[in-house]
Amino acid sequence: MKRLLLLALTSISAFSLMAQDIILFKDKTTVEAIVSVITDETVEYRQYNNAEGPAFIVKTIDVDTIYYENGDIQYFVPIDEEDNNLSQTVEVSTETITKSGLYSSGYGPHFQAILNMTITFTSTHGGPGVDFILGCRVNDCFFTGLGLGLNTLLNYDRNAPFNSGEVGIFYWDFRGYLPVKRRFMPFLDAAVGYGTGTYRVLSGSFRSYTNTLYAHAGLGFEASWFNLSVGYTYLGCPGIPDYMNNYVIYQHQHAGYVRLGIKF
C-alpha cells in the first residue's frame, strides 16, 4: 500500500478565485483550473473557463503537480505506508532557477490562443486592426502559431496618394520569451505571411491586389492573461493608379503598430 505525502509549497488554504492554475494528473492529463481547497485526501477546484460552475473534487493520490498562477509549484509524492515519519513536512523551493539566472516553471507544451487588438500607423495613414493567433506554447521560452486578421489604413493626410485601405493578413507567428518570472515575461515577436486587400484612391475607385508580403517584428511583455507589444509592420506593395489612371504607383507601406493581446 502506498499513501500520499503532500509536499507543501504554500499553506493548505483557500486560493484566489481569479487565479489560473494548472493541475497535472498522474496519467499526464492537465486541467486549467481555479484551485480552492487542498487537504491530505482531496483537491477541490473549479474549471478555469467556468469559474461560477460546479466544484470538482479529486483524490490527491491522482494528482502529480499543481502549477499556480503566481509561479509556485506544488508536488504530490507517494511514500511507503510503513514510513514512521508520515507527519514530516519537507520544504522545497517554490521555483527553479537555471544557471543563467532565468526562471523555469516546468511549463509543458500546450495549445494557446491569442486575440490581438492593434493600432497601425504611418506618417499619413492609420487605423485599427484585429487578428487571432492559434498555436502551441512549446515551453517557457517559445511560442509558434498561425495568425489571421484584418488591418485598416484610414487617410488623415489629404495629400496622400490614396484615401484608405484594408488588408487581410495570414501569417506564421514566432515568439521568444525571456522567462524572468512566469507572471512577467518580456518577449520578441516576429511574423511573416501573406496579405490581400483593396485601396480606395482619392477619386473613389477601388483597386485590388494579391500575393502581397506581410511581415511584422516587435518587442513586448506578457503579464498573466495579457500582453502588450510595439513594433514595425510591412503591409506589402499594392499597385495604386495615379489620378489619370495611366500608370501605377507602388506603395510599400512601412508602418508602426501598438498591439494589446489577450491570451486564452
# chains A, B, ... in the order shown; residues from 1 in each chain; ligands from 1
>>> residues_around(residues="Phe121 in chain A", least_positions_apart="3", cutoff="8 Å", atoms="only C-alpha atoms", output="ChimeraX atom specification")
/A:124-127,153,255-257
>>> residues_around(residues="Leu146 in chain A", least_positions_apart="6", cutoff="7 Å", atoms="only C-alpha atoms", output="number ranges by chain")
A: 133-135, 171-173
>>> closest_residue(among="A:Val192, A:Ala33, A:Ala215, A:Val138", to="Pro54 in chain A", atoms="only C-alpha atoms")
A:Ala33
>>> closest_residue(among="A:Asn139, A:Ser224, A:Ser123, A:Gln74", to="Phe264 in chain A", atoms="only C-alpha atoms")
A:Ser224
>>> residues_around(residues="Gln20 in chain A", least_positions_apart="4", cutoff="10 Å", atoms="only C-alpha atoms", output="ChimeraX atom specification")
/A:16,32-35,47-49,67-70,224-225
>>> write_last_selection(atoms="N, CA and C atoms", output="PDB file, in the first residue's frame")
ATOM      1  N   SER A  16      -6.963  32.211  -4.373  1.00  0.00           N
ATOM      2  CA  SER A  16      -7.710  33.255  -5.064  1.00  0.00           C
ATOM      3  C   SER A  16      -8.559  32.688  -6.180  1.00  0.00           C
ATOM      4  N   GLU A  32      -6.830  23.256 -16.777  1.00  0.00           N
ATOM      5  CA  GLU A  32      -6.714  24.646 -16.365  1.00  0.00           C
ATOM      6  C   GLU A  32      -7.814  24.902 -15.349  1.00  0.00           C
ATOM      7  N   ALA A  33      -7.436  25.307 -14.151  1.00  0.00           N
ATOM      8  CA  ALA A  33      -8.382  25.307 -13.043  1.00  0.00           C
ATOM      9  C   ALA A  33      -8.180  26.512 -12.140  1.00  0.00           C
ATOM     10  N   ILE A  34      -9.132  26.660 -11.205  1.00  0.00           N
ATOM     11  CA  ILE A  34      -9.015  27.591 -10.086  1.00  0.00           C
ATOM     12  C   ILE A  34      -9.071  26.728  -8.828  1.00  0.00           C
ATOM     13  N   VAL A  35      -7.921  26.460  -8.243  1.00  0.00           N
ATOM     14  CA  VAL A  35      -7.844  25.592  -7.068  1.00  0.00           C
ATOM     15  C   VAL A  35      -8.335  26.369  -5.845  1.00  0.00           C
ATOM     16  N   GLN A  47     -13.381  24.637 -12.903  1.00  0.00           N
ATOM     17  CA  GLN A  47     -12.769  24.814 -14.217  1.00  0.00           C
ATOM     18  C   GLN A  47     -12.498  26.288 -14.466  1.00  0.00           C
ATOM     19  N   TYR A  48     -11.326  26.567 -15.021  1.00  0.00           N
ATOM     20  CA  TYR A  48     -10.889  27.939 -15.235  1.00  0.00           C
ATOM     21  C   TYR A  48     -11.841  28.717 -16.138  1.00  0.00           C
ATOM     22  N   ASN A  49     -12.378  28.050 -17.164  1.00  0.00           N
ATOM     23  CA  ASN A  49     -13.285  28.729 -18.088  1.00  0.00           C
ATOM     24  C   ASN A  49     -14.739  28.707 -17.625  1.00  0.00           C
ATOM     25  N   TYR A  67       0.658  23.665 -10.838  1.00  0.00           N
ATOM     26  CA  TYR A  67       1.397  24.881 -11.176  1.00  0.00           C
ATOM     27  C   TYR A  67       0.460  26.060 -10.930  1.00  0.00           C
ATOM     28  N   TYR A  68       0.813  26.896  -9.950  1.00  0.00           N
ATOM     29  CA  TYR A  68      -0.047  28.022  -9.611  1.00  0.00           C
ATOM     30  C   TYR A  68       0.256  29.228 -10.498  1.00  0.00           C
ATOM     31  N   GLU A  69      -0.750  30.084 -10.640  1.00  0.00           N
ATOM     32  CA  GLU A  69      -0.630  31.265 -11.493  1.00  0.00           C
ATOM     33  C   GLU A  69       0.472  32.194 -11.031  1.00  0.00           C
ATOM     34  N   ASN A  70       0.746  32.238  -9.726  1.00  0.00           N
ATOM     35  CA  ASN A  70       1.788  33.137  -9.223  1.00  0.00           C
ATOM     36  C   ASN A  70       3.197  32.572  -9.369  1.00  0.00           C
ATOM     37  N   SER A 224       0.305  37.658 -16.903  1.00  0.00           N
ATOM     38  CA  SER A 224      -0.919  36.900 -16.681  1.00  0.00           C
ATOM     39  C   SER A 224      -1.602  36.633 -18.020  1.00  0.00           C
ATOM     40  N   TRP A 225      -2.866  37.063 -18.184  1.00  0.00           N
ATOM     41  CA  TRP A 225      -3.594  36.801 -19.430  1.00  0.00           C
ATOM     42  C   TRP A 225      -3.225  37.762 -20.548  1.00  0.00           C
TER      43      TRP A 225
END
>>> closest_residue(among="A:Thr212, A:Asn163, A:Ser36, A:Thr144", to="Ala191 in chain A", atoms="only C-alpha atoms")
A:Thr144
